[in-house]
$ cat query.cif   # mmCIF, C-alpha atoms
data_protein
loop_
_atom_site.label_atom_id
_atom_site.label_comp_id
_atom_site.auth_asym_id
_atom_site.auth_seq_id
_atom_site.Cartn_x
_atom_site.Cartn_y
_atom_site.Cartn_z
CA MET A 12 60.68 84.63 40.36
CA GLY A 13 60.60 83.99 36.65
CA LEU A 14 63.55 84.16 34.27
CA PHE A 15 63.34 87.92 33.89
CA GLY A 16 61.04 88.59 36.79
CA GLY A 17 63.55 90.11 39.17
CA ARG A 18 65.37 92.32 36.68
CA LYS A 19 65.25 96.05 36.41
CA THR A 20 66.35 98.45 33.71
CA VAL A 21 69.57 100.35 34.27
CA PHE A 22 70.34 103.37 32.13
CA VAL A 23 73.98 104.05 31.39
CA ASP A 24 74.98 107.23 29.58
CA PRO A 25 78.69 107.30 28.75
CA ASP A 26 80.61 109.66 26.50
CA ILE A 27 82.57 106.78 25.04
CA PHE A 28 81.04 103.34 24.89
CA VAL A 29 83.43 100.45 24.21
CA VAL A 30 81.55 97.31 23.20
CA GLY A 31 83.60 94.25 23.96
CA GLY A 32 86.43 93.89 26.44
CA GLY A 33 88.81 91.62 24.60
CA MET A 34 92.29 92.75 23.63
CA ALA A 35 90.94 95.33 21.21
CA GLY A 36 88.25 96.56 23.57
CA CYS A 37 90.60 96.88 26.53
CA GLY A 38 93.09 98.69 24.34
CA ALA A 39 90.38 100.99 23.06
CA THR A 40 89.28 101.71 26.63
CA TYR A 41 92.83 102.61 27.63
CA GLU A 42 93.29 104.87 24.59
CA ALA A 43 89.87 106.42 25.12
CA ARG A 44 90.92 107.50 28.59
CA TYR A 45 94.15 109.01 27.29
CA TRP A 46 92.43 111.06 24.60
CA GLY A 47 89.17 111.70 26.42
CA ARG A 48 90.66 112.51 29.77
CA ASP A 49 87.56 113.81 31.49
CA MET A 50 85.01 111.72 29.63
CA LYS A 51 82.92 108.89 30.94
CA VAL A 52 84.31 105.74 29.35
CA VAL A 53 82.29 102.58 29.80
CA CYS A 54 83.39 99.13 28.66
CA VAL A 55 80.85 96.36 28.26
CA GLU A 56 81.87 92.72 27.86
CA LYS A 57 79.76 89.61 27.48
CA ALA A 58 82.20 87.51 29.49
CA ASN A 59 84.71 88.79 32.08
CA ILE A 60 87.41 91.16 30.87
CA GLU A 61 89.97 89.40 33.06
CA ARG A 62 90.20 86.57 30.49
CA SER A 63 87.78 87.43 27.70
CA GLY A 64 88.60 87.30 24.03
CA ALA A 65 90.98 85.24 21.98
CA VAL A 66 93.90 85.68 24.38
CA ALA A 67 92.18 83.96 27.33
CA GLN A 68 94.78 81.26 27.66
CA GLY A 69 97.74 83.55 27.07
CA LEU A 70 100.19 83.70 24.21
CA TYR A 71 103.85 82.93 23.91
CA ALA A 72 104.50 85.26 21.02
CA ILE A 73 103.60 88.62 19.60
CA ASN A 74 103.41 87.97 15.91
CA CYS A 75 103.97 91.43 14.58
CA TYR A 76 106.76 93.54 16.02
CA MET A 77 108.77 95.87 13.83
CA GLY A 78 111.86 96.44 15.95
CA MET A 79 112.34 99.98 14.71
CA GLN A 80 114.50 100.81 17.72
CA TRP A 81 117.07 98.30 16.50
CA ASP A 82 116.57 98.94 12.77
CA GLU A 83 115.16 95.46 12.34
CA ASN A 84 112.04 96.25 10.34
CA GLN A 85 110.11 99.32 9.27
CA PRO A 86 106.36 99.70 8.79
CA GLU A 87 106.91 99.68 5.01
CA ASP A 88 108.35 96.18 5.32
CA HIS A 89 105.26 95.02 7.13
CA VAL A 90 103.02 96.55 4.50
CA ARG A 91 104.96 94.69 1.83
CA TYR A 92 104.69 91.49 3.82
CA ALA A 93 100.93 91.91 4.21
CA ARG A 94 100.58 92.70 0.52
CA ASN A 95 102.46 89.55 -0.38
CA ASP A 96 100.46 87.46 2.04
CA LEU A 97 97.10 88.75 0.87
CA MET A 98 97.93 88.68 -2.83
CA GLY A 99 97.64 92.42 -3.27
CA LEU A 100 94.24 92.79 -1.63
CA VAL A 101 95.36 95.36 0.90
CA ARG A 102 94.87 98.97 1.84
CA GLU A 103 98.49 99.89 2.17
CA ASP A 104 97.76 103.16 3.94
CA LEU A 105 95.70 101.46 6.64
CA GLY A 106 98.25 98.70 7.00
CA PHE A 107 101.00 101.29 7.45
CA ASP A 108 98.92 103.16 10.00
CA ILE A 109 98.56 100.04 12.10
CA ALA A 110 102.16 98.92 11.68
CA ARG A 111 103.65 102.22 12.83
CA HIS A 112 101.91 101.95 16.22
CA VAL A 113 102.84 98.34 16.97
CA ASP A 114 106.26 98.95 18.52
CA ALA A 115 105.03 101.58 20.97
CA THR A 116 102.20 99.32 22.05
CA VAL A 117 104.53 96.41 22.71
CA HIS A 118 106.86 98.65 24.74
CA LEU A 119 103.85 99.80 26.75
CA PHE A 120 102.91 96.18 27.50
CA GLU A 121 106.44 95.56 28.70
CA GLU A 122 106.21 98.61 30.97
CA TRP A 123 102.96 97.27 32.37
CA GLY A 124 104.63 94.01 33.24
CA LEU A 125 104.45 91.63 30.30
CA PRO A 126 107.64 89.52 30.38
CA ILE A 127 109.32 89.62 26.96
CA MET A 128 112.13 87.21 26.27
CA ARG A 129 115.41 88.88 25.46
CA ASP A 130 118.52 87.59 23.77
CA PRO A 131 121.09 87.41 26.58
CA GLU A 132 123.88 88.62 24.27
CA THR A 133 122.34 91.44 22.29
CA GLY A 134 119.66 92.48 24.79
CA ARG A 135 117.12 92.65 21.97
CA TYR A 136 113.78 90.92 21.98
CA GLN A 137 114.18 87.29 21.04
CA ARG A 138 112.73 86.58 17.64
CA GLN A 139 111.40 83.51 15.96
CA GLY A 140 111.27 84.53 12.34
CA LYS A 141 111.21 88.00 10.88
CA TRP A 142 108.15 89.32 12.67
CA GLN A 143 107.55 87.29 15.77
CA ILE A 144 108.93 88.06 19.24
CA MET A 145 108.69 85.65 22.11
CA ILE A 146 106.99 86.54 25.37
CA HIS A 147 105.93 84.83 28.60
CA GLY A 148 102.33 85.70 27.94
CA GLU A 149 100.24 83.52 30.25
CA SER A 150 98.83 86.65 31.86
CA TYR A 151 98.78 88.78 28.73
CA LYS A 152 95.05 89.37 29.03
CA PRO A 153 94.91 89.96 32.82
CA ILE A 154 97.64 92.59 32.46
CA VAL A 155 95.84 94.42 29.67
CA ALA A 156 92.54 94.04 31.52
CA GLU A 157 94.09 95.75 34.54
CA ALA A 158 95.02 98.72 32.37
CA ALA A 159 91.49 98.84 31.00
CA ARG A 160 89.97 98.63 34.45
CA LYS A 161 92.04 101.60 35.59
CA ALA A 162 91.14 103.56 32.49
CA ALA A 163 87.41 102.92 32.38
CA SER A 164 84.84 104.82 34.39
CA GLU A 165 82.90 101.58 34.60
CA VAL A 166 83.40 98.06 33.35
CA TYR A 167 80.33 95.86 32.96
CA ASN A 168 81.07 92.15 32.79
CA ARG A 169 78.54 89.50 31.72
CA ILE A 170 76.50 92.00 29.71
CA MET A 171 75.48 91.12 26.17
CA MET A 172 74.82 93.87 23.66
CA THR A 173 71.84 92.79 21.61
CA HIS A 174 70.42 95.69 19.65
CA LEU A 175 71.39 99.01 18.24
CA LEU A 176 68.44 101.25 18.93
CA MET A 177 67.72 103.78 16.27
CA ASP A 178 65.14 106.47 16.16
CA GLU A 179 63.84 107.82 12.85
CA LYS A 180 66.90 109.88 12.06
CA ASN A 181 69.92 108.62 13.94
CA ARG A 182 71.27 106.40 16.64
CA ALA A 183 69.72 106.83 20.04
CA GLY A 184 71.69 104.30 22.02
CA TRP A 185 72.55 100.68 22.52
CA PRO A 186 70.25 98.71 24.80
CA ALA A 187 71.87 95.84 26.58
CA LEU A 188 70.24 92.66 27.70
CA LEU A 189 71.65 91.43 30.97
CA ALA A 190 73.26 88.16 29.97
CA LEU A 191 71.48 85.43 31.83
CA MET A 192 74.11 84.17 34.21
CA SER A 193 74.09 80.63 35.37
CA VAL A 194 71.82 80.11 38.33
CA PRO A 195 74.46 80.60 41.04
CA ALA A 196 74.59 84.27 40.18
CA ILE A 197 71.06 84.47 41.47
CA SER A 198 71.52 82.20 44.46
CA MET A 199 74.86 83.70 45.53
CA TYR A 200 73.62 87.25 45.55
CA SER A 201 70.24 86.44 46.97
CA ALA A 202 68.44 89.30 45.28
CA PRO A 203 70.44 90.69 42.36
CA TRP A 204 68.04 93.51 41.86
CA PRO A 205 66.50 94.97 45.02
CA MET B 8 89.23 68.49 24.96
CA PRO B 9 87.00 69.98 27.60
CA THR B 10 87.33 70.73 31.27
CA PHE B 11 85.59 68.81 34.02
CA VAL B 12 85.18 69.32 37.75
CA TYR B 13 86.08 66.97 40.57
CA MET B 14 82.91 67.33 42.59
CA ASN B 15 84.51 66.21 45.83
CA ARG B 16 87.02 69.06 45.69
CA CYS B 17 84.63 71.72 44.43
CA ASP B 18 82.91 73.88 47.01
CA GLY B 19 80.67 75.86 44.66
CA CYS B 20 82.56 79.14 45.07
CA GLY B 21 81.88 80.21 41.49
CA HIS B 22 85.31 81.53 40.48
CA CYS B 23 85.21 79.32 37.38
CA VAL B 24 81.73 80.64 36.57
CA ASP B 25 82.99 84.22 36.73
CA ILE B 26 86.06 83.71 34.58
CA CYS B 27 84.88 81.42 31.79
CA PRO B 28 85.04 83.38 28.50
CA SER B 29 82.42 81.12 26.96
CA ASP B 30 80.00 81.15 29.92
CA ILE B 31 79.89 77.35 30.04
CA MET B 32 80.90 76.78 33.66
CA HIS B 33 77.73 76.78 35.69
CA ILE B 34 76.74 75.65 39.17
CA ASP B 35 74.49 72.65 39.47
CA THR B 36 71.74 73.74 41.83
CA THR B 37 71.10 70.28 43.24
CA TYR B 38 74.66 69.42 44.15
CA ARG B 39 75.90 73.01 44.58
CA ARG B 40 78.99 72.21 42.54
CA ALA B 41 80.37 73.59 39.31
CA TYR B 42 80.22 71.70 36.03
CA ASN B 43 80.90 72.29 32.35
CA ILE B 44 77.49 72.64 30.75
CA GLU B 45 78.67 72.47 27.14
CA PRO B 46 81.92 70.54 26.61
CA ASN B 47 81.58 71.07 22.84
CA PHE B 48 81.99 74.80 23.30
CA CYS B 49 84.99 74.54 25.58
CA TRP B 50 88.15 75.85 23.99
CA GLU B 51 90.38 74.63 26.77
CA CYS B 52 91.69 78.06 27.64
CA TYR B 53 92.37 76.76 31.16
CA SER B 54 90.93 79.93 32.70
CA CYS B 55 88.71 77.90 35.03
CA VAL B 56 91.50 75.43 35.84
CA LYS B 57 93.75 78.30 36.87
CA ALA B 58 91.02 80.20 38.68
CA CYS B 59 89.81 77.37 40.92
CA PRO B 60 91.05 77.96 44.50
CA GLN B 61 90.49 74.28 45.30
CA ASN B 62 92.30 73.04 42.15
CA ALA B 63 89.15 71.04 41.47
CA ILE B 64 89.07 71.44 37.69
CA ASP B 65 91.03 69.39 35.20
CA ASP B 66 91.17 69.20 31.43
CA ARG B 67 91.15 65.98 29.49
CA GLY B 68 91.13 65.09 25.83
CA TYR B 69 88.28 63.19 24.27
CA ALA B 70 88.89 59.47 24.67
CA ASP B 71 88.94 58.76 20.93
CA PHE B 72 92.16 60.67 20.34
CA ALA B 73 93.63 61.09 23.81
CA PRO B 74 93.23 57.82 25.72
CA LEU B 75 93.48 58.00 29.48
CA GLY B 76 96.77 57.93 31.28
CA HIS B 77 98.08 61.41 30.59
CA SER B 78 97.87 64.35 32.91
CA VAL B 79 98.32 68.09 32.51
CA ARG B 80 98.27 70.04 35.73
CA VAL B 81 98.75 73.77 36.12
CA LEU B 82 99.29 76.04 39.07
CA ARG B 83 99.08 79.78 38.63
CA GLU B 84 100.60 81.63 41.55
CA GLU B 85 99.59 85.21 41.00
CA GLU B 86 101.44 86.72 43.96
CA LYS B 87 104.68 84.94 43.07
CA GLY B 88 104.17 85.84 39.42
CA THR B 89 104.67 82.33 38.07
CA ILE B 90 102.81 79.65 36.19
CA SER B 91 103.84 76.03 36.72
CA TRP B 92 102.96 73.07 34.52
CA LYS B 93 103.41 69.39 35.20
CA ILE B 94 102.85 67.10 32.25
CA ILE B 95 102.78 63.33 32.57
CA PHE B 96 102.84 61.29 29.39
CA ARG B 97 101.15 57.93 29.05
CA ASP B 98 104.53 56.20 29.05
CA GLY B 99 105.35 57.73 32.39
CA ARG B 100 107.65 60.54 31.29
CA GLU B 101 107.23 63.73 33.25
CA LYS B 102 107.94 67.29 32.16
CA LYS B 103 107.78 70.34 34.37
CA PHE B 104 107.79 73.97 33.36
CA VAL B 105 107.85 77.16 35.39
CA SER B 106 107.50 80.51 33.66
CA PRO B 107 107.13 84.09 34.80
CA ILE B 108 103.77 85.73 34.14
CA ARG B 109 104.46 89.32 35.10
CA THR B 110 107.44 91.54 35.86
CA THR B 111 105.60 94.21 37.84
CA PRO B 112 103.33 93.95 40.91
CA TRP B 113 99.64 93.40 40.28
CA GLY B 114 97.75 96.67 40.37
CA SER B 115 100.81 98.73 39.51
CA ILE B 116 99.81 99.94 36.05
CA PRO B 117 99.75 103.74 36.30
CA SER B 118 96.51 105.46 35.51
CA THR B 119 96.44 107.39 32.24
CA ALA B 120 95.03 110.28 34.22
CA ASP B 121 98.57 110.96 35.46
CA LEU B 122 99.97 111.37 31.98
CA LYS B 123 100.17 114.73 30.31
CA LYS B 124 96.88 115.58 28.64
CA PRO B 125 97.15 115.69 24.83
CA VAL B 126 96.43 119.15 23.43
CA THR B 127 95.83 120.17 19.84
CA GLU B 128 98.91 122.41 19.85
CA ASP B 129 101.15 119.35 20.20
CA PHE B 130 100.11 118.07 16.78
#
$ encode --input "query.cif" --output "structure tokens"
Amino acid sequence: MGLFGGRKTVFVDPDIFVVGGGMAGCGATYEARYWGRDMKVVCVEKANIERSGAVAQGLYAINCYMGMQWDENQPEDHVRYARNDLMGLVREDLGFDIARHVDATVHLFEEWGLPIMRDPETGRYQRQGKWQIMIHGESYKPIVAEAARKAASEVYNRIMMTHLLMDEKNRAGWPALLALMSVPAISMYSAPWP
Amino acid sequence: MPTFVYMNRCDGCGHCVDICPSDIMHIDTTYRRAYNIEPNFCWECYSCVKACPQNAIDDRGYADFAPLGHSVRVLREEEKGTISWKIIFRDGREKKFVSPIRTTPWGSIPSTADLKKPVTEDF
């Protein structure tokens, strides 16, 4: 059997196609299920969504939490901070739109099971600086991946998106090339494609 | 600072192969054991170290900046919900850390399908 000899073509036709299963992709998959309740949501990731993306190893902080529930910061403050940091090269409206959703997302992570460190006296999230909150985030990605797995109709791991197929007028679809797994994938499942 | 496999402990199960975000843990077909095929690409995320059921994978700095004698060992106990680290410095000092990794049981995230469906009238 040659390198591609035993492979077949699988056609997948989702309503919502999430390319990438990192933090953003898993989040998008979860949101896609909320808004597109009866749609077919497929997430495709070149590694394994359990640990893929930049948060593989876990994180000990969330670097951008407003704290609106305790009047700590408001989205406007974050916009000003971003503007300062990027020397004015910002889209303030987009920055505000992101900032206003941060708190709810963090609270959702905590509901899912992400341990967030709290100040024993005030009961608020423990901060380290104006924006950062401290978490026990070793399993940050596995927790978010679980939410994505529950939300998606299908999750394809170890699949690499290679081309955007276009016909003459508009997009027809994204073909995927099955990422060539290391050899054990072939020897462990004796015939991957019957 | 890449990972490496103790071949005598490895049994070729492939958990490290499945979890590696960089796809650099592969199984050597001759020895039927896992190995890091591209140490340059390793970003030391410790996913394979944590995933190995035989605890056969370790992580070690390159010898030019991290001479031998140190040790960083990790044990992720998913059911207990903890991650434990044992760090041994070259001068013999030891530090141990245990941290929680999750406050809810694994698999307990509710499906969005149970939430109220958003309708245009709500907006």
$ resolve_selection --input "query.cif" --expression "the PyMOL selection byres ((chain B and resi 115) around 10)" --output "compact mmCIF listing (two decimals) with C-alpha atoms, in the frame of the given file"
# COMPACT_ATOMS: atom_id res chain seq x y z
CA TRP A 123 102.96 97.27 32.37
CA GLY A 124 104.63 94.01 33.24
CA ILE A 154 97.64 92.59 32.46
CA GLU A 157 94.09 95.75 34.54
CA ALA A 158 95.02 98.72 32.37
CA THR B 111 105.60 94.21 37.84
CA PRO B 112 103.33 93.95 40.91
CA TRP B 113 99.64 93.40 40.28
CA GLY B 114 97.75 96.67 40.37
CA ILE B 116 99.81 99.94 36.05
CA PRO B 117 99.75 103.74 36.30
CA SER B 118 96.51 105.46 35.51
$ interface_residues --input "query.cif" --of "chain A" --to "chain B" --cutoff "7 Å" --atoms "only C-alpha atoms" --output "PyMOL selection string"
chain A and resi 44-46+48+58-59+62-64+67-68+123-126+147-150+157-158+161-162+193-195
$ resolve_selection --input "query.cif" --expression "the PyMOL selection byres ((chain A and resi 138) around 10)" --output "number ranges by chain"
A: 72-74, 76, 128-130, 135-137, 139-146
$ axis_aligned_box --input "query.cif" --around "segment 113-119 of chain B" --padding-each-side "8 Å" --output "JSON"
{"center_x": 98.6, "center_y": 100.4, "center_z": 36.3, "size_x": 20.4, "size_y": 30.0, "size_z": 24.1}
$ atom_distance --input "query.cif" --atom1 "atom CA of Arg160 of chain A" --atom2 "atom CA of Asp129 of chain B"
27.5 Å
$ atom_distance --input "query.cif" --atom1 "atom CA of Gln61 of chain B" --atom2 "atom CA of Arg97 of chain B"
25.4 Å
$ closest_residue --input "query.cif" --among "B:Ile64, B:Thr37, B:Cys49, B:Val105" --to "Phe11 of chain B" --atoms "only C-alpha atoms"
B:Ile64
$ residues_around --input "query.cif" --residues "Lys51 of chain A" --least-positions-apart "4" --cutoff "12 Å" --atoms "all atoms listed in the file" --output "list in words"
Val23, Asp24, Pro25, Asp26, Ile27, Phe28, Val29, Thr40, Ala43, Arg44, Tyr45, Trp46, Gly47, Ala162, Ala163, Ser164, Glu165 and Val166 of chain A
$ write_last_selection --input "query.cif" --atoms "C-alpha atoms" --output "compact mmCIF listing (two decimals), in the frame of the given file"
# COMPACT_ATOMS: atom_id res chain seq x y z
CA VAL A 23 73.98 104.05 31.39
CA ASP A 24 74.98 107.23 29.58
CA PRO A 25 78.69 107.30 28.75
CA ASP A 26 80.61 109.66 26.50
CA ILE A 27 82.57 106.78 25.04
CA PHE A 28 81.04 103.34 24.89
CA VAL A 29 83.43 100.45 24.21
CA THR A 40 89.28 101.71 26.63
CA ALA A 43 89.87 106.42 25.12
CA ARG A 44 90.92 107.50 28.59
CA TYR A 45 94.15 109.01 27.29
CA TRP A 46 92.43 111.06 24.60
CA GLY A 47 89.17 111.70 26.42
CA ALA A 162 91.14 103.56 32.49
CA ALA A 163 87.41 102.92 32.38
CA SER A 164 84.84 104.82 34.39
CA GLU A 165 82.90 101.58 34.60
CA VAL A 166 83.40 98.06 33.35
$ residues_around --input "query.cif" --residues "Val66 of chain A" --least-positions-apart "5" --cutoff "8 Å" --atoms "all atoms listed in the file" --output "list in words"
Gly33, Met34, Tyr151 and Lys152 of chain A
$ residues_around --input "query.cif" --residues "segment 71-82 of chain B" --least-positions-apart "4" --cutoff "10 Å" --atoms "all atoms listed in the file" --output "list in words"
Met8, Tyr53, Val56, Lys57, Ala58, Cys59, Asn62, Ile64, Asp65, Asp66, Arg67, Thr89, Ile90, Ser91, Trp92, Lys93, Ile94, Ile95, Phe96, Arg97, Asp98, Gly99, Arg100, Glu101, Lys102, Lys103, Phe104 and Val105 of chain B
$ write_last_selection --input "query.cif" --atoms "C-alpha atoms" --output "PDB file, in the frame of the given file"
ATOM      1  CA  MET B   8      89.230  68.490  24.960  1.00  0.00           C
ATOM      2  CA  TYR B  53      92.370  76.760  31.160  1.00  0.00           C
ATOM      3  CA  VAL B  56      91.500  75.430  35.840  1.00  0.00           C
ATOM      4  CA  LYS B  57      93.750  78.300  36.870  1.00  0.00           C
ATOM      5  CA  ALA B  58      91.020  80.200  38.680  1.00  0.00           C
ATOM      6  CA  CYS B  59      89.810  77.370  40.920  1.00  0.00           C
ATOM      7  CA  ASN B  62      92.300  73.040  42.150  1.00  0.00           C
ATOM      8  CA  ILE B  64      89.070  71.440  37.690  1.00  0.00           C
ATOM      9  CA  ASP B  65      91.030  69.390  35.200  1.00  0.00           C
ATOM     10  CA  ASP B  66      91.170  69.200  31.430  1.00  0.00           C
ATOM     11  CA  ARG B  67      91.150  65.980  29.490  1.00  0.00           C
ATOM     12  CA  THR B  89     104.670  82.330  38.070  1.00  0.00           C
ATOM     13  CA  ILE B  90     102.810  79.650  36.190  1.00  0.00           C
ATOM     14  CA  SER B  91     103.840  76.030  36.720  1.00  0.00           C
ATOM     15  CA  TRP B  92     102.960  73.070  34.520  1.00  0.00           C
ATOM     16  CA  LYS B  93     103.410  69.390  35.200  1.00  0.00           C
ATOM     17  CA  ILE B  94     102.850  67.100  32.250  1.00  0.00           C
ATOM     18  CA  ILE B  95     102.780  63.330  32.570  1.00  0.00           C
ATOM     19  CA  PHE B  96     102.840  61.290  29.390  1.00  0.00           C
ATOM     20  CA  ARG B  97     101.150  57.930  29.050  1.00  0.00           C
ATOM     21  CA  ASP B  98     104.530  56.200  29.050  1.00  0.00           C
ATOM     22  CA  GLY B  99     105.350  57.730  32.390  1.00  0.00           C
ATOM     23  CA  ARG B 100     107.650  60.540  31.290  1.00  0.00           C
ATOM     24  CA  GLU B 101     107.230  63.730  33.250  1.00  0.00           C
ATOM     25  CA  LYS B 102     107.940  67.290  32.160  1.00  0.00           C
ATOM     26  CA  LYS B 103     107.780  70.340  34.370  1.00  0.00           C
ATOM     27  CA  PHE B 104     107.790  73.970  33.360  1.00  0.00           C
ATOM     28  CA  VAL B 105     107.850  77.160  35.390  1.00  0.00           C
TER      29      VAL B 105
END
